[in-house]
>>> print(open('model.txt').read())   # compact mmCIF, C-alpha atoms
# COMPACT_ATOMS: atom_id res chain seq x y z
CA MET A 303 76.41 85.07 101.67
CA ALA A 304 76.44 84.48 105.42
CA LYS A 305 74.41 81.47 106.46
CA SER A 306 73.03 83.27 109.52
CA GLN A 307 71.89 86.85 109.91
CA ASN A 308 72.11 86.70 113.72
CA ASN A 309 75.85 86.95 114.06
CA VAL A 310 77.24 89.03 116.92
CA ALA A 311 80.84 90.21 116.73
CA LEU A 312 83.20 91.00 119.59
CA VAL A 313 86.29 93.04 118.62
CA PHE A 314 89.31 93.35 120.92
CA GLY A 315 91.48 96.37 120.08
CA ALA A 316 88.86 98.40 118.25
CA SER A 317 90.84 101.63 118.36
CA GLY A 318 93.86 100.23 116.49
CA ILE A 319 94.49 100.28 112.77
CA SER A 320 93.07 96.78 112.25
CA GLY A 321 90.45 96.75 115.00
CA TRP A 322 88.99 100.03 113.81
CA ALA A 323 88.79 98.75 110.23
CA VAL A 324 87.21 95.40 111.09
CA THR A 325 84.63 97.17 113.29
CA LYS A 326 83.72 99.47 110.40
CA ASN A 327 83.57 96.65 107.84
CA LEU A 328 81.43 94.41 110.06
CA LEU A 329 78.62 96.91 109.55
CA SER A 330 78.42 96.24 105.81
CA TYR A 331 80.36 93.10 104.89
CA PRO A 332 79.47 90.56 103.63
CA SER A 333 76.08 92.29 103.84
CA SER A 334 74.50 95.04 105.90
CA THR A 335 72.40 92.46 107.77
CA THR A 336 75.01 89.79 108.51
CA PHE A 337 75.69 91.10 112.05
CA SER A 338 72.93 92.17 114.40
CA ARG A 339 75.44 93.52 116.96
CA ILE A 340 79.05 94.66 116.78
CA ILE A 341 80.64 94.96 120.23
CA ALA A 342 83.88 96.96 120.03
CA LEU A 343 86.29 97.04 122.97
CA THR A 344 89.05 99.53 123.77
CA HIS A 345 91.34 100.11 126.72
CA ARG A 346 91.47 103.90 126.62
CA PRO A 347 88.21 105.90 126.82
CA ARG A 348 86.55 106.26 123.44
CA THR A 349 83.12 107.20 122.11
CA VAL A 350 81.75 106.20 118.73
CA GLU A 351 81.87 109.85 117.69
CA ASP A 352 85.50 110.52 118.61
CA SER A 353 86.59 107.13 117.24
CA GLY A 354 85.45 108.10 113.75
CA LEU A 355 83.27 105.00 113.44
CA PRO A 356 79.87 105.23 111.73
CA SER A 357 76.81 105.96 113.84
CA ASP A 358 74.82 102.73 113.70
CA PRO A 359 72.42 101.24 116.27
CA ARG A 360 74.15 97.87 115.92
CA LEU A 361 77.51 99.27 117.04
CA GLU A 362 78.37 99.27 120.76
CA LEU A 363 81.69 100.67 121.99
CA TYR A 364 82.97 99.85 125.48
CA SER A 365 86.14 101.30 127.00
CA GLY A 366 88.16 100.36 130.04
CA ILE A 367 88.79 96.71 129.19
CA ASP A 368 92.35 96.19 130.45
CA LEU A 369 93.72 92.95 129.05
CA ARG A 370 96.91 93.38 131.09
CA ALA A 371 94.94 92.70 134.26
CA SER A 372 94.25 89.23 135.67
CA LEU A 373 91.80 86.94 133.90
CA ASP A 374 89.26 87.32 136.71
CA ASP A 375 89.50 91.11 136.47
CA VAL A 376 89.09 91.05 132.68
CA LYS A 377 86.01 88.85 132.98
CA GLN A 378 84.57 91.14 135.65
CA GLN A 379 85.21 94.21 133.48
CA MET A 380 83.49 92.60 130.52
CA GLN A 381 80.51 91.31 132.48
CA SER A 382 79.93 94.62 134.24
CA LYS A 383 80.06 96.66 131.03
CA ILE A 384 78.72 94.47 128.25
CA PRO A 385 75.20 93.03 128.20
CA GLY A 386 74.41 89.83 126.34
CA LEU A 387 77.92 88.41 126.02
CA GLU A 388 76.36 84.98 125.53
CA GLU A 389 75.09 86.21 122.14
CA VAL A 390 78.60 86.64 120.70
CA THR A 391 79.30 84.33 117.76
CA GLN A 392 82.55 85.70 116.25
CA VAL A 393 85.52 87.12 118.18
CA TYR A 394 88.26 89.15 116.49
CA TYR A 395 91.47 89.58 118.46
CA LEU A 396 93.29 92.62 117.06
CA ALA A 397 94.81 94.07 120.22
CA TYR A 398 98.53 94.73 120.49
CA ALA A 399 100.67 96.24 123.23
CA ASN A 400 103.22 98.49 121.56
CA ALA A 401 103.54 101.36 124.03
CA THR A 402 107.33 101.25 124.11
CA ALA A 403 108.00 98.48 121.66
CA TYR A 404 111.30 99.98 120.54
CA SER A 405 112.70 100.72 123.98
CA GLU A 406 111.55 97.96 126.32
CA ASN A 407 113.08 94.53 126.51
CA VAL A 408 111.69 92.45 123.65
CA MET A 409 110.87 89.59 125.99
CA ASP A 410 108.79 91.93 128.15
CA ILE A 411 106.80 92.94 125.09
CA LYS A 412 106.34 89.27 124.27
CA ASP A 413 105.10 88.43 127.77
CA ILE A 414 102.64 91.33 127.77
CA ASN A 415 101.13 90.37 124.42
CA VAL A 416 100.87 86.68 125.25
CA HIS A 417 99.20 87.50 128.57
CA MET A 418 96.70 89.80 126.85
CA THR A 419 95.88 87.17 124.25
CA SER A 420 95.43 84.49 126.88
CA ASN A 421 92.98 86.70 128.77
CA ALA A 422 90.98 87.44 125.62
CA VAL A 423 90.81 83.78 124.58
CA HIS A 424 89.82 82.41 127.97
CA ALA A 425 87.40 85.25 128.78
CA SER A 426 85.70 84.75 125.42
CA ASP A 427 85.60 80.99 125.87
CA GLN A 428 83.98 81.28 129.31
CA LEU A 429 81.64 84.26 128.77
CA CYS A 430 80.67 83.97 125.10
CA THR A 431 78.90 80.64 125.38
CA ASN A 432 77.66 80.72 121.77
CA MET A 433 81.06 81.60 120.28
CA LYS A 434 81.55 79.94 116.90
CA PHE A 435 84.85 81.41 115.78
CA PHE A 436 87.93 83.11 117.26
CA LEU A 437 90.25 84.97 114.88
CA LEU A 438 93.82 85.96 115.72
CA GLN A 439 95.75 88.49 113.62
CA ILE A 440 99.52 88.18 113.76
CA GLY A 441 102.09 89.08 111.06
CA THR A 442 105.11 88.24 108.94
CA ASN A 443 107.60 88.15 111.81
CA ASN A 444 106.34 84.58 111.81
CA TYR A 445 108.67 83.85 108.89
CA ASP A 446 112.36 83.14 108.79
CA ARG A 447 114.72 84.59 106.20
CA VAL A 448 113.73 82.19 103.44
CA ASN A 449 113.33 82.63 99.72
CA PRO A 450 110.00 84.30 98.93
CA PRO A 451 107.18 84.03 98.28
CA LEU A 452 106.51 83.31 101.95
CA LYS A 453 104.11 80.43 102.48
CA GLU A 454 102.04 79.52 105.50
CA ASP A 455 103.49 76.01 105.87
CA GLN A 456 107.05 77.21 106.37
CA PRO A 457 108.51 76.06 109.71
CA ARG A 458 108.83 78.34 112.72
CA ILE A 459 112.02 80.26 113.33
CA PRO A 460 114.19 78.12 115.62
CA SER A 461 115.56 79.12 119.03
CA PRO A 462 117.11 81.41 120.10
CA TRP A 463 115.76 83.89 117.51
CA GLY A 464 112.30 82.37 117.53
CA ASP A 465 112.07 82.74 121.29
CA GLU A 466 111.44 86.48 120.89
CA ILE A 467 108.41 86.04 118.62
CA PHE A 468 105.17 86.21 120.58
CA TYR A 469 103.04 84.94 117.68
CA TYR A 470 104.07 81.35 118.42
CA PRO A 471 102.83 81.18 122.03
CA GLN A 472 99.70 83.12 121.02
CA VAL A 473 98.84 80.40 118.52
CA ASP A 474 99.81 77.60 120.91
CA LEU A 475 97.57 78.86 123.71
CA ILE A 476 94.59 78.98 121.33
CA LYS A 477 95.30 75.44 120.17
CA ASP A 478 95.27 74.37 123.81
CA ALA A 479 92.13 76.35 124.73
CA VAL A 480 90.06 75.00 121.82
CA LYS A 481 90.55 71.34 122.72
CA GLY A 482 87.18 69.72 123.33
CA LYS A 483 85.30 72.90 122.40
CA GLN A 484 82.80 73.56 119.62
CA TRP A 485 84.24 76.86 118.40
CA LYS A 486 86.69 77.16 115.54
CA TRP A 487 89.63 79.49 114.99
CA CYS A 488 92.28 80.67 112.54
CA GLU A 489 95.25 83.02 112.35
CA VAL A 490 95.86 85.63 109.66
CA ARG A 491 99.24 87.05 108.64
CA PRO A 492 99.30 90.47 107.00
CA ASP A 493 102.54 92.32 106.40
CA GLN A 494 103.10 95.97 107.29
CA ILE A 495 99.56 97.37 107.47
CA ILE A 496 98.49 100.20 105.19
CA GLY A 497 95.61 102.30 106.45
CA HIS A 498 94.32 105.13 108.57
CA VAL A 499 92.60 105.55 111.92
CA PRO A 500 90.85 108.87 112.64
CA ALA A 501 92.07 108.83 116.26
CA VAL A 502 95.79 109.54 116.48
CA THR A 503 97.89 106.41 116.83
CA SER A 504 101.63 105.74 116.72
CA MET A 505 101.11 102.41 114.96
CA THR A 506 101.01 103.67 111.39
CA TYR A 507 103.52 105.27 109.07
CA VAL A 508 100.90 106.22 106.47
CA GLU A 509 99.56 109.37 108.14
CA PRO A 510 103.00 110.84 108.97
CA ILE A 511 104.14 110.19 105.40
CA ALA A 512 100.98 111.78 104.02
CA LEU A 513 101.57 114.83 106.22
CA TYR A 514 105.22 114.98 105.20
CA LEU A 515 104.39 114.75 101.48
CA SER A 516 101.65 117.37 101.84
CA LEU A 517 103.93 119.80 103.61
CA TYR A 518 106.76 119.14 101.18
CA ARG A 519 104.39 120.02 98.33
CA TYR A 520 103.27 123.13 100.21
CA VAL A 521 106.84 124.29 100.85
CA ASN A 522 108.40 123.34 97.49
CA GLY A 523 105.46 123.56 95.08
CA PRO A 524 103.99 121.14 92.51
CA GLY A 525 106.40 119.01 90.53
CA ALA A 526 109.14 119.15 93.17
CA ARG A 527 111.44 116.14 93.37
CA ILE A 528 111.31 114.24 96.64
CA SER A 529 113.75 111.47 97.47
CA PHE A 530 112.92 108.22 99.19
CA PRO A 531 113.79 108.50 102.90
CA GLY A 532 115.29 105.01 103.22
CA THR A 533 118.25 103.53 101.36
CA LYS A 534 119.01 99.84 101.20
CA ASN A 535 115.36 98.78 101.24
CA PHE A 536 114.44 100.78 98.11
CA LEU A 537 114.60 97.72 95.84
CA TYR A 538 113.43 94.95 98.18
CA THR A 539 110.06 93.45 97.33
CA TYR A 540 107.13 92.88 99.64
CA THR A 541 103.34 92.84 99.50
CA ASP A 542 101.29 95.62 101.07
CA SER A 543 98.42 94.62 103.35
CA SER A 544 95.70 97.30 103.44
CA GLN A 545 93.39 97.44 106.43
CA ASP A 546 90.18 96.97 104.43
CA ILE A 547 91.52 93.99 102.48
CA ILE A 548 92.81 92.41 105.71
CA THR A 549 89.61 92.86 107.67
CA ARG A 550 87.26 91.81 104.88
CA ALA A 551 89.32 88.64 104.48
CA GLU A 552 89.06 88.06 108.24
CA ILE A 553 85.29 88.41 108.17
CA TYR A 554 85.12 86.19 105.09
CA LEU A 555 87.06 83.40 106.81
CA SER A 556 85.19 83.60 110.11
CA VAL A 557 81.66 83.92 108.72
CA LEU A 558 81.55 82.50 105.20
CA GLU A 559 84.19 79.75 105.33
CA PRO A 560 84.68 78.78 108.99
CA GLU A 561 85.03 75.07 108.22
CA LYS A 562 87.80 75.63 105.67
CA ALA A 563 89.51 78.21 107.87
CA ASP A 564 89.46 76.19 111.09
CA GLY A 565 92.92 75.75 112.58
CA GLU A 566 94.64 77.26 109.56
CA ALA A 567 96.94 80.23 108.91
CA PHE A 568 96.41 82.62 106.00
CA ASN A 569 98.62 85.25 104.42
CA ILE A 570 96.65 88.36 103.53
CA ALA A 571 97.83 91.13 101.19
CA ASP A 572 96.48 93.52 98.58
CA THR A 573 97.97 91.63 95.67
CA ALA A 574 100.43 88.84 95.03
CA THR A 575 102.36 91.25 92.78
CA PRO A 576 105.54 92.32 94.60
CA GLY A 577 105.73 96.05 95.29
CA PRO A 578 109.18 97.44 96.05
CA TRP A 579 109.48 101.03 97.20
CA SER A 580 111.18 101.79 93.87
CA LYS A 581 107.79 101.20 92.26
CA LYS A 582 105.61 102.56 95.04
CA TRP A 583 107.37 105.76 96.10
CA PRO A 584 106.74 107.54 92.77
CA ILE A 585 103.08 106.44 92.97
CA LEU A 586 102.68 107.90 96.45
CA ALA A 587 104.50 111.12 95.53
CA SER A 588 102.35 111.61 92.44
CA TYR A 589 99.22 111.76 94.61
CA PHE A 590 100.60 115.04 95.95
CA GLY A 591 101.82 116.34 92.59
CA LEU A 592 105.44 115.49 93.41
CA GLU A 593 108.10 113.50 91.57
CA GLY A 594 109.27 110.62 93.74
CA THR A 595 112.89 109.61 93.22
CA GLY A 596 115.33 107.15 94.73
CA PRO A 597 117.38 107.93 97.85
CA ASN A 598 120.00 110.63 97.38
CA HIS A 599 121.59 110.55 100.81
CA ALA A 600 123.42 107.23 100.54
CA GLU A 601 126.74 109.01 100.13
CA THR A 602 126.37 110.50 103.62
CA GLY A 603 126.35 107.04 105.14
CA LYS A 604 122.94 107.63 106.69
CA GLU A 605 120.17 105.07 106.28
CA TRP A 606 117.43 107.53 107.13
CA GLY A 607 116.54 110.73 105.34
CA GLU A 608 115.84 112.53 108.63
CA ILE A 609 112.39 113.59 107.52
CA ASP A 610 111.51 113.90 111.21
CA LYS A 611 114.15 116.62 111.50
CA TRP A 612 112.85 118.29 108.32
CA TRP A 613 109.29 118.16 109.68
CA ASN A 614 110.25 119.78 112.98
CA GLU A 615 112.16 122.52 111.15
CA HIS A 616 109.01 123.36 109.13
CA LEU A 617 106.37 123.34 111.84
CA GLY A 618 105.71 127.01 111.18
CA GLU A 619 104.86 126.27 107.53
CA TYR A 620 102.73 123.33 108.69
CA ALA A 621 100.65 125.61 110.92
CA LYS A 622 100.29 128.02 108.01
CA MET A 623 99.21 125.20 105.66
CA CYS A 624 96.59 124.04 108.15
CA GLU A 625 95.20 127.56 108.48
CA GLU A 626 95.19 128.16 104.73
CA TYR A 627 93.47 124.87 103.85
CA GLY A 628 91.26 124.56 106.92
CA LEU A 629 93.01 121.41 108.18
CA GLN A 630 93.03 119.90 111.64
CA GLU A 631 96.53 120.07 113.07
CA ARG A 632 98.12 116.75 113.99
CA VAL A 633 101.07 116.14 116.28
CA ILE A 634 103.63 113.54 115.22
CA GLY A 635 105.23 112.28 118.40
CA GLU A 636 108.66 110.76 118.80
CA ALA A 637 107.25 107.22 119.10
CA THR A 638 105.46 107.68 115.78
CA TRP A 639 108.64 108.82 114.04
CA VAL A 640 110.41 105.76 115.44
CA PHE A 641 107.70 103.59 113.88
CA VAL A 642 107.95 105.47 110.58
CA LYS A 643 111.71 105.05 110.56
CA ALA A 644 111.33 101.33 111.22
CA GLY A 645 108.93 101.04 108.31
CA PHE A 646 111.47 102.48 105.91
CA MET A 647 114.58 100.82 107.31
CA LEU A 648 113.78 97.38 108.70
CA LEU A 649 112.95 95.76 105.37
CA ASP A 650 116.32 94.28 104.45
CA ARG A 651 115.27 91.38 102.24
CA ASN A 652 112.65 90.34 99.70
CA ARG A 653 109.63 89.05 101.59
CA GLU A 654 106.57 89.03 99.35
CA MET A 655 103.88 86.57 100.40
CA SER A 656 102.13 83.79 98.52
CA LEU A 657 98.36 84.32 98.44
CA ASP A 658 97.58 80.89 97.02
CA LYS A 659 95.99 79.66 100.24
CA ILE A 660 93.59 82.56 100.83
CA ARG A 661 92.66 82.43 97.13
CA SER A 662 91.99 78.68 97.40
CA VAL A 663 89.15 79.29 99.89
CA GLY A 664 87.53 81.85 97.62
CA PHE A 665 88.69 85.28 98.82
CA LYS A 666 89.67 87.13 95.64
CA GLU A 667 89.58 90.86 96.51
CA GLU A 668 92.71 92.80 95.70
CA LEU A 669 94.17 96.25 95.13
CA PRO A 670 96.97 97.24 92.71
CA VAL A 671 100.32 98.30 94.19
CA GLY A 672 100.02 101.69 95.87
CA HIS A 673 96.23 101.90 95.77
CA GLY A 674 95.86 101.01 99.43
CA HIS A 675 97.82 104.17 100.25
CA TYR A 676 95.56 106.16 97.93
CA ARG A 677 92.50 104.94 99.83
CA ALA A 678 94.07 106.04 103.10
CA PHE A 679 95.08 109.41 101.62
CA ASP A 680 91.54 109.97 100.31
CA GLN A 681 90.13 109.25 103.77
CA MET A 682 92.58 111.69 105.36
CA ALA A 683 91.54 114.33 102.86
CA LEU A 684 87.87 113.78 103.75
CA GLU A 685 88.76 114.28 107.41
CA ARG A 686 90.70 117.44 106.51
CA ILE A 687 94.00 116.07 107.76
CA ILE A 688 95.66 116.73 104.39
CA PRO A 689 94.51 118.87 101.44
CA SER A 690 92.52 117.00 98.81
CA ARG A 691 93.87 116.66 95.28
CA ASP A 692 91.04 118.89 94.05
CA THR A 693 92.06 121.55 96.56
CA TRP A 694 95.67 121.44 95.35
CA ALA A 695 94.45 121.82 91.75
CA LYS A 696 92.33 124.87 92.56
CA LYS A 697 95.33 126.59 94.14
CA GLU A 698 97.48 126.24 91.05
>>> encode(input="model.txt", output="structure tokens")
Amino acid sequence: MAKSQNNVALVFGASGISGWAVTKNLLSYPSSTTFSRIIALTHRPRTVEDSGLPSDPRLELYSGIDLRASLDDVKQQMQSKIPGLEEVTQVYYLAYANATAYSENVMDIKDINVHMTSNAVHASDQLCTNMKFFLLQIGTNNYDRVNPPLKEDQPRIPSPWGDEIFYYPQVDLIKDAVKGKQWKWCEVRPDQIIGHVPAVTSMTYVEPIALYLSLYRYVNGPGARISFPGTKNFLYTYTDSSQDIITRAEIYLSVLEPEKADGEAFNIADTATPGPWSKKWPILASYFGLEGTGPNHAETGKEWGEIDKWWNEHLGEYAKMCEEYGLQERVIGEATWVFVKAGFMLLDRNREMSLDKIRSVGFKEELPVGHGHYRAFDQMALERIIPSRDTWAKKE
């Protein structure tokens, strides 16, 4: 396992879908003694309790770290809030500015994210004097429209299209910062992330879909047929990346195989087996006792099944379902529906990833198609966000 039991982790973006998961997994993977401290950073105010993270004396959560500020301000914020920064050995950069990602100018979003990354890299380099590894999580926008499976050595997308992708300057600034330094680094490339965060976030389509499927079952009963809300992307293949698989791979690379990972990029997904929605939608629907079918609204010319409109029309039934099953009511905001819609409509080509490289360094964990969603659904049921499958069964 880990060569040292005195590792100290620093996590940027601990309230997001990936940051939350890596913070949680650092407590137990690769062993429960690998990390003596886990320092989790968020911008908005958070406590360990309201974040849904486990209560553990090794876990420290600090809010108010604004990576959009100047580098000097970021360093001052970190130094004033966080003791013992010199103890940090592994840094995980999982922050992402998405506040209005579908309405602002794409180049503004790029500039914001590159600036945030630069601050995190340089602040860590200067304050975390024992840093051994810096990990950057990016994604599959890195790849051009090439024949899958997508491989890490494929060239960057050329200008002008590539100019909008902030992953490239993120990687380049790390390559520049590491020159002459002792620490190592790598980048990881998951696809659309499957998972759940107890705190409400707009950066996931899994919770809204789970709520939609639950309410659809409540309104229409067990065995009801439910059509896929997208159209053209129903048959395109891609590889799900679940938050636990992603984050365990990240810890594996940064702690167990830092020499092999240094300076490299790695695709990360649940399985190399392609999983089109035509295969996955029935699996997801079956969790709720529904029959998932293909899209039936193609003849209308619409590419979106307007499940947001259906949801808003059935808010009364949703309130009733929450009362009947003792659920916590969630609010699905407009920004979240935009993200959900993007998740079902933007996939317009086959884009499954090759996992040969991550497998070559020894990371073998995987999940069958659809099982990452089941894990997220089970967690939501435990948190009483959706009814559990046992609860449904007792009502029948």
>>> closest_atom_pairs(input="model.txt", of="segment 309-357 of chain A", to="segment 551-574 of chain A", cutoff="12 Å", atoms="only C-alpha atoms", output="CSV")
residue,atom,partner,partner_atom,distance
A:Asn309,CA,A:Val557,CA,8.5
A:Val310,CA,A:Val557,CA,10.6
A:Ala311,CA,A:Ile553,CA,9.8
A:Leu312,CA,A:Ile553,CA,11.9
A:Val313,CA,A:Ile553,CA,11.5
A:Ser320,CA,A:Glu552,CA,10.4
A:Gly321,CA,A:Glu552,CA,11.1
A:Ala323,CA,A:Glu552,CA,10.9
A:Val324,CA,A:Ile553,CA,7.8
A:Thr325,CA,A:Ile553,CA,10.2
A:Lys326,CA,A:Ile553,CA,11.4
A:Asn327,CA,A:Ile553,CA,8.4
A:Leu328,CA,A:Ile553,CA,7.4
A:Leu329,CA,A:Ile553,CA,10.9
A:Ser330,CA,A:Ile553,CA,10.7
A:Tyr331,CA,A:Ile553,CA,7.6
A:Pro332,CA,A:Tyr554,CA,7.3
A:Ser333,CA,A:Ile553,CA,10.9
A:Thr336,CA,A:Val557,CA,8.9
A:Phe337,CA,A:Val557,CA,9.9
>>> residues_near_point(input="model.txt", point="(80.1, 109.6, 121.2)", cutoff="12 Å", atoms="all atoms listed in the file", output="list in words")
Pro347, Arg348, Thr349, Val350, Glu351, Asp352, Ser353, Gly354, Leu355, Pro356, Ser357, Asp358, Leu361, Glu362, Leu363, Tyr364 and Ser365 of chain A
>>> closest_residue(input="model.txt", among="A:Thr344, A:Thr638, A:Thr693, A:Ser544", to="Gly591 of chain A", atoms="all atoms listed in the file")
A:Thr693
>>> closest_residue(input="model.txt", among="A:Ala678, A:Ile609, A:Ala526, A:Leu369", to="Val640 of chain A", atoms="all atoms listed in the file")
A:Ile609
>>> residues_around(input="model.txt", residues="Gly628 of chain A", least_positions_apart="3", cutoff="8 Å", atoms="all atoms listed in the file", output="PyMOL selection string")
chain A and resi 624-625+686
>>> atom_distance(input="model.txt", atom1="atom CA of Asp542 of chain A", atom2="atom CA of Leu669 of chain A")
9.3 Å
>>> atom_distance(input="model.txt", atom1="atom CA of Asp368 of chain A", atom2="atom CA of Asn443 of chain A")
25.4 Å
>>> atom_distance(input="model.txt", atom1="atom CA of Thr391 of chain A", atom2="atom CA of Phe435 of chain A")
6.6 Å
>>> closest_residue(input="model.txt", among="A:Cys430, A:His345, A:Lys622, A:Ile467", to="Leu387 of chain A", atoms="only C-alpha atoms")
A:Cys430
>>> closest_residue(input="model.txt", among="A:Val473, A:Val508, A:Ile548, A:Ile660", to="Asp680 of chain A", atoms="all atoms listed in the file")
A:Val508
>>> closest_residue(input="model.txt", among="A:Gly607, A:Tyr676, A:Lys659, A:Ile547", to="Ala587 of chain A", atoms="all atoms listed in the file")
A:Tyr676
